file protein-v8.pdb (PDB, C-alpha atoms)
ATOM      1  CA  MET A   1     -21.749 -51.448 -46.010
ATOM      2  CA  PRO A   2     -25.457 -51.587 -45.152
ATOM      3  CA  ARG A   3     -24.498 -53.554 -42.080
ATOM      4  CA  LEU A   4     -22.099 -50.805 -41.032
ATOM      5  CA  THR A   5     -24.775 -48.158 -41.549
ATOM      6  CA  LEU A   6     -27.165 -50.180 -39.464
ATOM      7  CA  LEU A   7     -24.567 -50.503 -36.749
ATOM      8  CA  CYS A   8     -24.110 -46.742 -36.718
ATOM      9  CA  PHE A   9     -27.848 -46.255 -36.336
ATOM     10  CA  VAL A  10     -28.027 -48.709 -33.496
ATOM     11  CA  LEU A  11     -25.103 -47.078 -31.713
ATOM     12  CA  PHE A  12     -26.567 -43.594 -32.108
ATOM     13  CA  ALA A  13     -29.984 -44.696 -31.044
ATOM     14  CA  SER A  14     -28.710 -46.439 -27.937
ATOM     15  CA  ALA A  15     -26.504 -43.461 -27.074
ATOM     16  CA  ALA A  16     -29.538 -41.229 -27.233
ATOM     17  CA  ILE A  17     -32.054 -43.379 -25.382
ATOM     18  CA  GLY A  18     -29.718 -45.024 -22.912
ATOM     19  CA  ALA A  19     -30.479 -42.939 -19.878
ATOM     20  CA  TYR A  20     -34.248 -42.823 -20.279
ATOM     21  CA  GLU A  21     -36.919 -45.266 -19.318
ATOM     22  CA  PHE A  22     -40.311 -45.016 -20.922
ATOM     23  CA  GLU A  23     -43.726 -46.035 -19.712
ATOM     24  CA  SER A  24     -44.790 -47.427 -23.038
ATOM     25  CA  ALA A  25     -43.389 -48.477 -26.370
ATOM     26  CA  GLN A  26     -45.455 -45.727 -27.991
ATOM     27  CA  MET A  27     -43.752 -43.110 -25.863
ATOM     28  CA  GLU A  28     -40.360 -44.444 -26.779
ATOM     29  CA  ALA A  29     -41.296 -44.403 -30.459
ATOM     30  CA  ASP A  30     -42.508 -40.796 -30.104
ATOM     31  CA  TYR A  31     -39.267 -39.874 -28.386
ATOM     32  CA  LEU A  32     -37.177 -41.409 -31.142
ATOM     33  CA  LYS A  33     -39.234 -39.732 -33.847
ATOM     34  CA  LEU A  34     -39.006 -36.327 -32.162
ATOM     35  CA  THR A  35     -35.290 -36.439 -31.494
ATOM     36  CA  ASN A  36     -34.754 -37.495 -35.087
ATOM     37  CA  GLU A  37     -36.863 -34.685 -36.511
ATOM     38  CA  LEU A  38     -35.631 -31.880 -34.292
ATOM     39  CA  ARG A  39     -32.442 -30.171 -35.261
ATOM     40  CA  CYS A  40     -29.546 -29.511 -32.946
ATOM     41  CA  LEU A  41     -29.005 -25.759 -33.110
ATOM     42  CA  VAL A  42     -25.376 -25.689 -32.101
ATOM     43  CA  CYS A  43     -24.018 -28.424 -34.339
ATOM     44  CA  GLN A  44     -26.150 -27.703 -37.363
ATOM     45  CA  ASN A  45     -27.001 -30.544 -39.723
ATOM     46  CA  GLN A  46     -27.294 -32.988 -36.890
ATOM     47  CA  ASN A  47     -30.494 -33.907 -35.162
ATOM     48  CA  LEU A  48     -31.006 -34.016 -31.421
ATOM     49  CA  ALA A  49     -30.642 -37.789 -31.356
ATOM     50  CA  GLY A  50     -27.249 -37.755 -33.018
ATOM     51  CA  SER A  51     -25.661 -34.878 -31.200
ATOM     52  CA  ASN A  52     -23.648 -34.795 -28.037
ATOM     53  CA  ALA A  53     -23.702 -31.025 -27.710
ATOM     54  CA  ASP A  54     -24.799 -29.748 -24.309
ATOM     55  CA  LEU A  55     -27.833 -28.011 -25.706
ATOM     56  CA  ALA A  56     -28.890 -31.163 -27.560
ATOM     57  CA  LYS A  57     -28.675 -33.090 -24.291
ATOM     58  CA  ASP A  58     -30.826 -30.463 -22.568
ATOM     59  CA  LEU A  59     -33.384 -30.507 -25.351
ATOM     60  CA  ARG A  60     -33.507 -34.323 -25.283
ATOM     61  CA  GLN A  61     -34.123 -34.098 -21.566
ATOM     62  CA  GLN A  62     -36.835 -31.501 -22.172
ATOM     63  CA  THR A  63     -38.439 -33.724 -24.825
ATOM     64  CA  TYR A  64     -38.352 -36.699 -22.480
ATOM     65  CA  GLU A  65     -39.872 -34.781 -19.581
ATOM     66  CA  MET A  66     -42.631 -33.330 -21.726
ATOM     67  CA  LEU A  67     -43.512 -36.792 -23.022
ATOM     68  CA  MET A  68     -43.629 -38.096 -19.461
ATOM     69  CA  GLN A  69     -45.966 -35.227 -18.575
ATOM     70  CA  GLY A  70     -48.299 -36.560 -21.238
ATOM     71  CA  LYS A  71     -47.631 -33.906 -23.883
ATOM     72  CA  SER A  72     -48.294 -34.951 -27.450
ATOM     73  CA  PRO A  73     -45.492 -34.917 -30.048
ATOM     74  CA  ASP A  74     -47.222 -32.003 -31.808
ATOM     75  CA  GLN A  75     -47.242 -29.995 -28.603
ATOM     76  CA  ILE A  76     -43.543 -30.643 -28.127
ATOM     77  CA  VAL A  77     -42.687 -29.551 -31.657
ATOM     78  CA  GLU A  78     -44.780 -26.403 -31.107
ATOM     79  CA  TYR A  79     -42.911 -25.735 -27.872
ATOM     80  CA  MET A  80     -39.553 -25.957 -29.654
ATOM     81  CA  VAL A  81     -40.667 -23.895 -32.647
ATOM     82  CA  ALA A  82     -41.989 -21.149 -30.340
ATOM     83  CA  ARG A  83     -38.515 -20.840 -28.835
ATOM     84  CA  TYR A  84     -36.124 -21.615 -31.646
ATOM     85  CA  GLY A  85     -38.162 -20.909 -34.768
ATOM     86  CA  ASP A  86     -39.035 -23.130 -37.712
ATOM     87  CA  PHE A  87     -35.347 -23.809 -38.116
ATOM     88  CA  VAL A  88     -35.408 -26.290 -35.231
ATOM     89  CA  SER A  89     -37.622 -28.685 -37.170
ATOM     90  CA  TYR A  90     -36.414 -30.821 -40.035
ATOM     91  CA  ARG A  91     -40.045 -31.064 -41.080
ATOM     92  CA  PRO A  92     -41.276 -27.490 -40.770
ATOM     93  CA  GLN A  93     -44.991 -26.857 -40.540
ATOM     94  CA  LEU A  94     -46.671 -25.579 -43.682
ATOM     95  CA  LYS A  95     -46.970 -21.842 -43.064
ATOM     96  CA  ARG A  96     -46.763 -18.694 -45.113
ATOM     97  CA  ASN A  97     -43.034 -18.337 -44.644
ATOM     98  CA  THR A  98     -42.266 -22.005 -45.228
ATOM     99  CA  ILE A  99     -44.471 -22.467 -48.291
ATOM    100  CA  LEU A 100     -41.605 -21.773 -50.700
ATOM    101  CA  LEU A 101     -39.613 -24.514 -48.994
ATOM    102  CA  TRP A 102     -42.417 -27.011 -49.494
ATOM    103  CA  ILE A 103     -43.618 -26.230 -53.005
ATOM    104  CA  GLY A 104     -40.469 -24.560 -54.389
ATOM    105  CA  PRO A 105     -38.829 -27.747 -55.720
ATOM    106  CA  PHE A 106     -42.055 -28.904 -57.377
ATOM    107  CA  ALA A 107     -42.680 -25.482 -58.904
ATOM    108  CA  LEU A 108     -39.127 -25.462 -60.260
ATOM    109  CA  LEU A 109     -39.554 -28.968 -61.685
ATOM    110  CA  ALA A 110     -42.804 -27.957 -63.385
ATOM    111  CA  LEU A 111     -41.225 -24.822 -64.838
ATOM    112  CA  VAL A 112     -38.221 -26.702 -66.214
ATOM    113  CA  SER A 113     -40.476 -29.442 -67.651
ATOM    114  CA  VAL A 114     -42.523 -26.857 -69.537
ATOM    115  CA  LEU A 115     -39.382 -25.192 -70.891
ATOM    116  CA  VAL A 116     -37.850 -28.501 -71.996
ATOM    117  CA  ILE A 117     -41.043 -29.697 -73.691
ATOM    118  CA  ARG A 118     -41.350 -26.406 -75.523
ATOM    119  CA  ALA A 119     -37.736 -26.553 -76.690
ATOM    120  CA  ILE A 120     -38.164 -30.115 -77.962
ATOM    121  CA  ARG A 121     -41.392 -29.276 -79.819
ATOM    122  CA  LYS A 122     -39.698 -26.326 -81.480
ATOM    123  CA  LYS A 123     -36.852 -28.493 -82.724
ATOM    124  CA  GLN A 124     -39.203 -31.134 -84.079
ATOM    125  CA  LYS A 125     -41.247 -28.724 -86.188
ATOM    126  CA  LEU A 126     -40.299 -29.403 -89.830
ATOM    127  CA  ARG A 127     -39.360 -26.550 -92.075
ATOM    128  CA  PRO A 128     -40.767 -26.699 -95.641
ATOM    129  CA  PRO A 129     -37.887 -27.332 -98.079
ATOM    130  CA  ASP A 130     -36.775 -24.364-100.128
ATOM    131  CA  ALA A 131     -37.250 -24.220-103.899
ATOM    132  CA  GLU A 132     -33.754 -25.403-104.818
ATOM    133  CA  SER A 133     -33.702 -28.536-102.709
ATOM    134  CA  MET A 134     -37.221 -29.315-103.927
ATOM    135  CA  LYS A 135     -35.971 -29.194-107.491
ATOM    136  CA  ARG A 136     -33.025 -31.418-106.658
ATOM    137  CA  ALA A 137     -35.233 -33.929-104.986
ATOM    138  CA  GLN A 138     -37.534 -34.058-107.990
ATOM    139  CA  GLN A 139     -34.572 -34.546-110.261
ATOM    140  CA  LEU A 140     -33.270 -37.415-108.204
ATOM    141  CA  LEU A 141     -36.672 -38.996-108.187
ATOM    142  CA  ALA A 142     -36.989 -38.602-111.948
ATOM    143  CA  ASN A 143     -33.561 -40.161-112.519
ATOM    144  CA  SER A 144     -34.291 -43.129-110.351
ATOM    145  CA  GLU A 145     -37.647 -43.860-111.987
ATOM    146  CA  GLY A 146     -37.899 -47.363-113.304
ATOM    147  CA  LYS A 147     -34.733 -48.501-111.580
ATOM    148  CA  PRO A 148     -34.901 -50.796-108.534
TER     149      PRO A 148
ATOM    150  CA  MET B   1     -29.236 -13.256 -78.650
ATOM    151  CA  ARG B   2     -29.040 -17.026 -78.717
ATOM    152  CA  TYR B   3     -27.189 -16.992 -75.414
ATOM    153  CA  ALA B   4     -29.422 -14.468 -73.699
ATOM    154  CA  THR B   5     -31.527 -17.035 -71.832
ATOM    155  CA  PRO B   6     -28.698 -19.247 -70.504
ATOM    156  CA  LEU B   7     -26.689 -16.144 -69.627
ATOM    157  CA  GLY B   8     -29.683 -14.701 -67.819
ATOM    158  CA  ILE B   9     -30.174 -17.911 -65.849
ATOM    159  CA  PHE B  10     -26.465 -18.020 -65.054
ATOM    160  CA  ILE B  11     -26.403 -14.440 -63.760
ATOM    161  CA  LEU B  12     -29.525 -15.087 -61.708
ATOM    162  CA  MET B  13     -27.956 -18.156 -60.121
ATOM    163  CA  VAL B  14     -24.683 -16.374 -59.407
ATOM    164  CA  GLY B  15     -26.661 -13.625 -57.713
ATOM    165  CA  LEU B  16     -28.676 -16.070 -55.663
ATOM    166  CA  LEU B  17     -25.681 -18.172 -54.622
ATOM    167  CA  GLY B  18     -23.658 -15.042 -53.871
ATOM    168  CA  TYR B  19     -26.436 -13.850 -51.589
ATOM    169  CA  GLY B  20     -26.476 -17.286 -49.951
ATOM    170  CA  LEU B  21     -22.758 -17.016 -49.223
ATOM    171  CA  SER B  22     -23.241 -13.668 -47.513
ATOM    172  CA  LEU B  23     -25.647 -15.213 -44.991
ATOM    173  CA  ASP B  24     -24.416 -16.709 -41.765
ATOM    174  CA  PRO B  25     -26.047 -20.111 -41.229
ATOM    175  CA  LYS B  26     -25.227 -19.877 -37.514
ATOM    176  CA  LYS B  27     -27.594 -16.941 -37.136
ATOM    177  CA  ILE B  28     -31.092 -18.199 -36.654
ATOM    178  CA  PRO B  29     -33.719 -15.479 -36.588
ATOM    179  CA  SER B  30     -35.429 -15.548 -33.226
ATOM    180  CA  PRO B  31     -39.175 -16.080 -33.248
ATOM    181  CA  LEU B  32     -39.237 -14.217 -29.930
ATOM    182  CA  ILE B  33     -38.792 -10.719 -31.356
ATOM    183  CA  GLY B  34     -42.012  -8.827 -30.691
ATOM    184  CA  LYS B  35     -43.160 -11.477 -28.210
ATOM    185  CA  PRO B  36     -43.379 -11.053 -24.427
ATOM    186  CA  ALA B  37     -40.192 -11.834 -22.541
ATOM    187  CA  PRO B  38     -40.525 -15.423 -21.254
ATOM    188  CA  ALA B  39     -41.296 -15.687 -17.562
ATOM    189  CA  PHE B  40     -38.584 -16.776 -15.154
ATOM    190  CA  SER B  41     -37.810 -16.948 -11.479
ATOM    191  CA  LEU B  42     -34.098 -17.195 -10.787
ATOM    192  CA  ALA B  43     -31.744 -16.810  -7.866
ATOM    193  CA  SER B  44     -29.377 -13.895  -7.848
ATOM    194  CA  LEU B  45     -25.734 -14.842  -8.314
ATOM    195  CA  HIS B  46     -24.512 -12.604  -5.520
ATOM    196  CA  ALA B  47     -27.399 -13.146  -3.136
ATOM    197  CA  PRO B  48     -28.791 -16.628  -3.883
ATOM    198  CA  GLN B  49     -31.591 -16.235  -1.351
ATOM    199  CA  ASN B  50     -33.142 -13.516  -3.529
ATOM    200  CA  ARG B  51     -35.348 -14.607  -6.372
ATOM    201  CA  ILE B  52     -35.743 -12.355  -9.340
ATOM    202  CA  THR B  53     -38.535 -12.590 -11.887
ATOM    203  CA  GLU B  54     -39.348 -10.795 -15.116
ATOM    204  CA  LYS B  55     -41.889  -8.740 -13.147
ATOM    205  CA  ASP B  56     -39.040  -6.942 -11.387
ATOM    206  CA  PHE B  57     -38.342  -5.175 -14.679
ATOM    207  CA  GLN B  58     -41.888  -4.123 -15.475
ATOM    208  CA  GLY B  59     -42.093  -0.779 -17.228
ATOM    209  CA  GLN B  60     -38.350  -0.623 -17.817
ATOM    210  CA  VAL B  61     -36.149  -0.884 -20.838
ATOM    211  CA  TRP B  62     -33.483  -3.438 -19.941
ATOM    212  CA  VAL B  63     -30.739  -5.517 -21.474
ATOM    213  CA  LEU B  64     -30.290  -9.210 -20.799
ATOM    214  CA  ASN B  65     -26.811 -10.494 -21.548
ATOM    215  CA  VAL B  66     -26.402 -14.281 -21.482
ATOM    216  CA  TRP B  67     -22.895 -15.362 -20.538
ATOM    217  CA  ALA B  68     -20.844 -18.077 -18.863
ATOM    218  CA  SER B  69     -17.378 -18.303 -17.376
ATOM    219  CA  TRP B  70     -16.562 -21.213 -19.721
ATOM    220  CA  CYS B  71     -17.449 -19.139 -22.764
ATOM    221  CA  VAL B  72     -14.389 -17.709 -24.495
ATOM    222  CA  ALA B  73     -16.319 -15.278 -26.684
ATOM    223  CA  CYS B  74     -17.911 -13.796 -23.547
ATOM    224  CA  ARG B  75     -14.478 -12.798 -22.342
ATOM    225  CA  ALA B  76     -13.943 -10.906 -25.586
ATOM    226  CA  GLU B  77     -17.351  -9.275 -25.275
ATOM    227  CA  HIS B  78     -16.915  -8.291 -21.670
ATOM    228  CA  GLU B  79     -15.236  -4.918 -22.299
ATOM    229  CA  VAL B  80     -18.126  -3.963 -24.578
ATOM    230  CA  ILE B  81     -20.700  -4.837 -21.934
ATOM    231  CA  LYS B  82     -18.702  -2.838 -19.406
ATOM    232  CA  ARG B  83     -18.859   0.222 -21.623
ATOM    233  CA  LEU B  84     -22.586  -0.246 -22.195
ATOM    234  CA  SER B  85     -23.092  -0.443 -18.459
ATOM    235  CA  ARG B  86     -20.898   2.622 -17.802
ATOM    236  CA  GLN B  87     -22.979   4.663 -20.221
ATOM    237  CA  GLY B  88     -25.912   4.046 -17.938
ATOM    238  CA  ILE B  89     -28.611   4.169 -20.615
ATOM    239  CA  ALA B  90     -30.468   1.101 -19.392
ATOM    240  CA  ARG B  91     -30.137  -1.601 -16.778
ATOM    241  CA  VAL B  92     -27.833  -4.379 -17.917
ATOM    242  CA  VAL B  93     -28.769  -7.730 -16.405
ATOM    243  CA  GLY B  94     -26.501 -10.755 -16.668
ATOM    244  CA  LEU B  95     -27.873 -14.241 -17.134
ATOM    245  CA  ASN B  96     -25.202 -16.667 -16.045
ATOM    246  CA  TYR B  97     -25.909 -19.709 -18.208
ATOM    247  CA  LYS B  98     -25.056 -23.273 -17.155
ATOM    248  CA  ASP B  99     -22.209 -22.263 -14.942
ATOM    249  CA  LYS B 100     -20.906 -22.996 -11.471
ATOM    250  CA  PRO B 101     -21.779 -20.047  -9.208
ATOM    251  CA  GLU B 102     -18.288 -19.934  -7.711
ATOM    252  CA  ASP B 103     -16.684 -19.888 -11.182
ATOM    253  CA  ALA B 104     -19.046 -17.135 -12.261
ATOM    254  CA  ARG B 105     -18.353 -15.010  -9.193
ATOM    255  CA  ALA B 106     -14.593 -15.449  -9.621
ATOM    256  CA  TRP B 107     -14.862 -14.469 -13.293
ATOM    257  CA  LEU B 108     -16.713 -11.256 -12.455
ATOM    258  CA  GLN B 109     -14.284 -10.443  -9.671
ATOM    259  CA  GLN B 110     -11.343 -10.874 -12.012
ATOM    260  CA  LEU B 111     -12.736  -9.059 -15.065
ATOM    261  CA  GLY B 112     -15.077  -6.571 -13.424
ATOM    262  CA  ASP B 113     -18.817  -6.777 -12.880
ATOM    263  CA  PRO B 114     -20.858  -4.613 -15.243
ATOM    264  CA  TYR B 115     -24.213  -6.114 -14.320
ATOM    265  CA  ALA B 116     -26.852  -4.334 -12.291
ATOM    266  CA  LEU B 117     -28.137  -7.794 -11.440
ATOM    267  CA  SER B 118     -26.816 -11.278 -12.136
ATOM    268  CA  LEU B 119     -29.193 -14.208 -12.495
ATOM    269  CA  MET B 120     -28.224 -17.861 -12.227
ATOM    270  CA  ASP B 121     -29.569 -20.352 -14.745
ATOM    271  CA  GLN B 122     -27.548 -23.352 -13.650
ATOM    272  CA  HIS B 123     -29.483 -25.963 -15.610
ATOM    273  CA  GLY B 124     -30.185 -23.894 -18.681
ATOM    274  CA  ARG B 125     -33.965 -24.141 -18.304
ATOM    275  CA  VAL B 126     -34.559 -20.432 -18.628
ATOM    276  CA  GLY B 127     -32.090 -20.459 -21.504
ATOM    277  CA  ILE B 128     -34.356 -22.888 -23.374
ATOM    278  CA  ASP B 129     -37.371 -20.645 -22.764
ATOM    279  CA  TRP B 130     -35.466 -17.708 -24.199
ATOM    280  CA  GLY B 131     -34.311 -19.754 -27.186
ATOM    281  CA  VAL B 132     -30.650 -19.462 -26.221
ATOM    282  CA  TYR B 133     -28.464 -21.812 -28.239
ATOM    283  CA  GLY B 134     -25.043 -20.292 -27.931
ATOM    284  CA  VAL B 135     -23.529 -17.842 -25.521
ATOM    285  CA  PRO B 136     -23.114 -14.936 -25.573
ATOM    286  CA  GLU B 137     -26.538 -13.701 -26.587
ATOM    287  CA  THR B 138     -28.044 -10.328 -25.835
ATOM    288  CA  PHE B 139     -31.678  -9.283 -25.661
ATOM    289  CA  ILE B 140     -33.273  -5.874 -25.310
ATOM    290  CA  ILE B 141     -36.659  -5.798 -23.624
ATOM    291  CA  GLY B 142     -38.952  -2.777 -23.922
ATOM    292  CA  LYS B 143     -41.165  -1.006 -21.403
ATOM    293  CA  ASP B 144     -44.106  -3.082 -22.619
ATOM    294  CA  GLY B 145     -42.267  -6.292 -21.669
ATOM    295  CA  LEU B 146     -41.769  -7.326 -25.294
ATOM    296  CA  ILE B 147     -38.453  -8.489 -26.716
ATOM    297  CA  LYS B 148     -37.296  -5.835 -29.172
ATOM    298  CA  TYR B 149     -33.885  -7.012 -30.230
ATOM    299  CA  LYS B 150     -31.642 -10.026 -30.058
ATOM    300  CA  HIS B 151     -27.998 -10.381 -30.920
ATOM    301  CA  ILE B 152     -26.375 -13.793 -31.200
ATOM    302  CA  GLY B 153     -22.657 -13.972 -30.556
ATOM    303  CA  PRO B 154     -20.393 -11.376 -29.003
ATOM    304  CA  ILE B 155     -21.343  -7.715 -29.310
ATOM    305  CA  THR B 156     -18.495  -5.646 -30.655
ATOM    306  CA  PHE B 157     -17.965  -1.925 -30.090
ATOM    307  CA  GLU B 158     -19.211  -1.369 -33.669
ATOM    308  CA  ILE B 159     -22.445  -3.286 -33.062
ATOM    309  CA  LEU B 160     -22.874  -1.504 -29.743
ATOM    310  CA  ASP B 161     -22.744   1.906 -31.431
ATOM    311  CA  ALA B 162     -24.610   0.940 -34.587
ATOM    312  CA  GLU B 163     -27.420  -1.205 -33.169
ATOM    313  CA  VAL B 164     -27.639  -1.593 -29.401
ATOM    314  CA  ILE B 165     -27.397   2.025 -28.264
ATOM    315  CA  PRO B 166     -29.663   3.438 -31.020
ATOM    316  CA  MET B 167     -32.238   0.750 -30.178
ATOM    317  CA  LEU B 168     -32.099   1.606 -26.464
ATOM    318  CA  LYS B 169     -32.397   5.349 -27.173
ATOM    319  CA  LYS B 170     -35.362   4.717 -29.445
ATOM    320  CA  LEU B 171     -37.118   2.621 -26.819
ATOM    321  CA  LEU B 172     -36.457   5.164 -24.100
ATOM    322  CA  GLY B 173     -37.957   7.822 -26.365
TER     323      GLY B 173
END

call {"tool": "encode", "arguments": {"input": "protein-v8.pdb", "output": "structure tokens"}}
result
Amino acid sequence: MPRLTLLCFVLFASAAIGAYEFESAQMEADYLKLTNELRCLVCQNQNLAGSNADLAKDLRQQTYEMLMQGKSPDQIVEYMVARYGDFVSYRPQLKRNTILLWIGPFALLALVSVLVIRAIRKKQKLRPPDAESMKRAQQLLANSEGKP
Amino acid sequence: MRYATPLGIFILMVGLLGYGLSLDPKKIPSPLIGKPAPAFSLASLHAPQNRITEKDFQGQVWVLNVWASWCVACRAEHEVIKRLSRQGIARVVGLNYKDKPEDARAWLQQLGDPYALSLMDQHGRVGIDWGVYGVPETFIIGKDGLIKYKHIGPITFEILDAEVIPMLKKLLG
């Protein structure tokens, strides 16, 4: 199974790069990282690298050309976000309207942890025995005195 | 009373998930609303020697309708755009997106041409600048050159009456 997954990756990657030639290995790495982190807007839940939609092809081309013009990966992400919104990025920048996305899961985890700990503590607290069971316990103890 | 908390959480989650279901994940809010209309310089579909830029619309309220002859939903929307154009409230400009000029011209000849001007974006470059990700899309640009409204997907007669026309009237003052 891992081998199959790997094969899929290789096939996708080669389908996406295929047509492009890069000046340096760094540029190629940047290209791969960008097309993996940018979302295809037409076929949602796919990234640019994995999609064969027309728009994804155009955006790959745009990414490639911008890299060749010497733009940095950050500049390219900014360019895409300015046009398509934070939605285009699988790794949205930390901003006021994305803060919930970033800290939400941790906040929820913290909240649930506090609630669970409090519930457990409450259950563990021992109640003092009432008068009747106290008496019974004493009786039992008295009866068993001296016996092994 | 014992069940108040779980019940509360349950109702909250149902509410939240219900709200989630009512949203359309295909509709991505455009970051361009309130921003200046992106610059372009495109050939006219009917007179390719003429270049048209965003400056040609300075000081006007105008509508940009992105369409293509290969787009089925555009065909459905076309009657709505024709009515909008007939009403003559604002200039309706067509942006022919990733299309063959001859196909586009034939389409307009067959179905009627509601556009005051038709621009050709054969390679979809201007489309990228405008954040177009699916045709049809419709923008309204104000006198100040800012994008005021965007609709993704076909405009229906209901949306035309409820959103597009009121927005145009408001912008025209």

call {"tool": "interface_residues", "arguments": {"input": "protein-v8.pdb", "of": "chain A", "to": "chain B", "cutoff": "12 Å", "atoms": "only C-alpha atoms", "output": "NGL selection string"}}
result
:A and (39-45 or 53-63 or 78-88 or 112 or 115)

call {"tool": "residues_around", "arguments": {"input": "protein-v8.pdb", "residues": "Asp113 (chain B)", "least_positions_apart": "5", "cutoff": "10 Å", "atoms": "all atoms listed in the file", "output": "list in words"}}
result
His78, Ile81, Lys82, Ser85, Gly94, Arg105, Trp107, Leu108 and Ser118 of chain B

call {"tool": "atom_distance", "arguments": {"input": "protein-v8.pdb", "atom1": "CA of Leu111 (chain B)", "atom2": "CA of Ile52 (chain B)"}}
result
23.9 Å

call {"tool": "axis_aligned_box", "arguments": {"input": "protein-v8.pdb", "around": "region 29-40 of chain B", "padding_each_side": "3 Å", "output": "lines of an AutoDock Vina configuration file"}}
result
center_x = -38.5
center_y = -12.8
center_z = -25.9
size_x = 15.7
size_y = 13.9
size_z = 27.4

call {"tool": "closest_residue", "arguments": {"input": "protein-v8.pdb", "among": "B:Leu16, B:Ile9, B:Leu23, B:Val61", "to": "Ile140 (chain B)", "atoms": "all atoms listed in the file"}}
result
B:Val61

call {"tool": "residues_near_point", "arguments": {"input": "protein-v8.pdb", "point": "(-16.6, -22.1, -19.7)", "cutoff": "9 Å", "atoms": "all atoms listed in the file", "output": "ChimeraX atom specification"}}
result
/B:68-72,98-99,103

call {"tool": "closest_residue", "arguments": {"input": "protein-v8.pdb", "among": "B:Leu84, B:Trp62, B:Lys143, B:Gly153", "to": "Asp24 (chain B)", "atoms": "only C-alpha atoms"}}
result
B:Gly153

call {"tool": "atom_distance", "arguments": {"input": "protein-v8.pdb", "atom1": "CA of Asn36 (chain A)", "atom2": "CA of Pro73 (chain A)"}}
result
12.1 Å

call {"tool": "atom_distance", "arguments": {"input": "protein-v8.pdb", "atom1": "CA of Ala4 (chain B)", "atom2": "CA of Arg118 (chain A)"}}
result
17.0 Å

call {"tool": "resolve_selection", "arguments": {"input": "protein-v8.pdb", "expression": "the PyMOL selection byres ((chain B and resi 96) around 6)", "output": "list in words"}}
result
Trp67, Ala68, Leu95, Tyr97, Leu119, Met120 and Asp121 of chain B

call {"tool": "resolve_selection", "arguments": {"input": "protein-v8.pdb", "expression": "the PyMOL selection byres ((chain B and resi 88) around 12)", "output": "list in words"}}
result
Val61, Trp62, Val63, Ile81, Lys82, Arg83, Leu84, Ser85, Arg86, Gln87, Ile89, Ala90, Arg91, Val92, Pro114, Tyr115, Ala116, Ile165, Leu168 and Lys169 of chain B

call {"tool": "write_last_selection", "arguments": {"input": "protein-v8.pdb", "atoms": "C-alpha atoms", "output": "compact mmCIF listing (two decimals), in the frame of the given file"}}
result
# COMPACT_ATOMS: atom_id res chain seq x y z
CA VAL B 61 -36.15 -0.88 -20.84
CA TRP B 62 -33.48 -3.44 -19.94
CA VAL B 63 -30.74 -5.52 -21.47
CA ILE B 81 -20.70 -4.84 -21.93
CA LYS B 82 -18.70 -2.84 -19.41
CA ARG B 83 -18.86 0.22 -21.62
CA LEU B 84 -22.59 -0.25 -22.20
CA SER B 85 -23.09 -0.44 -18.46
CA ARG B 86 -20.90 2.62 -17.80
CA GLN B 87 -22.98 4.66 -20.22
CA ILE B 89 -28.61 4.17 -20.62
CA ALA B 90 -30.47 1.10 -19.39
CA ARG B 91 -30.14 -1.60 -16.78
CA VAL B 92 -27.83 -4.38 -17.92
CA PRO B 114 -20.86 -4.61 -15.24
CA TYR B 115 -24.21 -6.11 -14.32
CA ALA B 116 -26.85 -4.33 -12.29
CA ILE B 165 -27.40 2.02 -28.26
CA LEU B 168 -32.10 1.61 -26.46
CA LYS B 169 -32.40 5.35 -27.17

call {"tool": "closest_residue", "arguments": {"input": "protein-v8.pdb", "among": "B:Ala104, B:Ala76, B:Val126, B:Leu171", "to": "Ser41 (chain B)", "atoms": "all atoms listed in the file"}}
result
B:Val126

call {"tool": "closest_residue", "arguments": {"input": "protein-v8.pdb", "among": "B:Val80, B:Leu117, B:Leu7, B:Cys74", "to": "Leu45 (chain B)", "atoms": "all atoms listed in the file"}}
result
B:Leu117

call {"tool": "closest_residue", "arguments": {"input": "protein-v8.pdb", "among": "B:Pro48, B:Gly112, B:Gly173, B:Gly34", "to": "Lys150 (chain B)", "atoms": "all atoms listed in the file"}}
result
B:Gly34

call {"tool": "residues_around", "arguments": {"input": "protein-v8.pdb", "residues": "Glu28 (chain A)", "least_positions_apart": "6", "cutoff": "10 Å", "atoms": "all atoms listed in the file", "output": "list of chain:residue names"}}
result
A:Ile17, A:Tyr20, A:Glu21, A:Phe22, A:Leu34, A:Tyr64, A:Leu67

call {"tool": "decode", "arguments": {"input": "protein-v8.pdb", "residues": "region 160-165 of chain B", "atoms": "N, CA and C atoms", "output": "PDB file, in the first residue's frame"}}
result
ATOM      1  N   LEU B 160     -31.662  39.263 -10.184  1.00  0.00           N
ATOM      2  CA  LEU B 160     -31.603  40.527 -10.915  1.00  0.00           C
ATOM      3  C   LEU B 160     -32.458  41.580 -10.207  1.00  0.00           C
ATOM      4  N   ASP B 161     -33.692  41.197  -9.858  1.00  0.00           N
ATOM      5  CA  ASP B 161     -34.606  42.157  -9.237  1.00  0.00           C
ATOM      6  C   ASP B 161     -34.256  42.436  -7.782  1.00  0.00           C
ATOM      7  N   ALA B 162     -33.750  41.407  -7.090  1.00  0.00           N
ATOM      8  CA  ALA B 162     -33.525  41.560  -5.652  1.00  0.00           C
ATOM      9  C   ALA B 162     -32.164  42.174  -5.339  1.00  0.00           C
ATOM     10  N   GLU B 163     -31.165  41.946  -6.192  1.00  0.00           N
ATOM     11  CA  GLU B 163     -29.817  42.406  -5.837  1.00  0.00           C
ATOM     12  C   GLU B 163     -29.212  43.350  -6.873  1.00  0.00           C
ATOM     13  N   VAL B 164     -29.204  42.907  -8.131  1.00  0.00           N
ATOM     14  CA  VAL B 164     -28.431  43.635  -9.150  1.00  0.00           C
ATOM     15  C   VAL B 164     -29.024  45.019  -9.412  1.00  0.00           C
ATOM     16  N   ILE B 165     -30.321  45.066  -9.700  1.00  0.00           N
ATOM     17  CA  ILE B 165     -30.936  46.349 -10.045  1.00  0.00           C
ATOM     18  C   ILE B 165     -30.944  47.313  -8.850  1.00  0.00           C
TER      19      ILE B 165
END
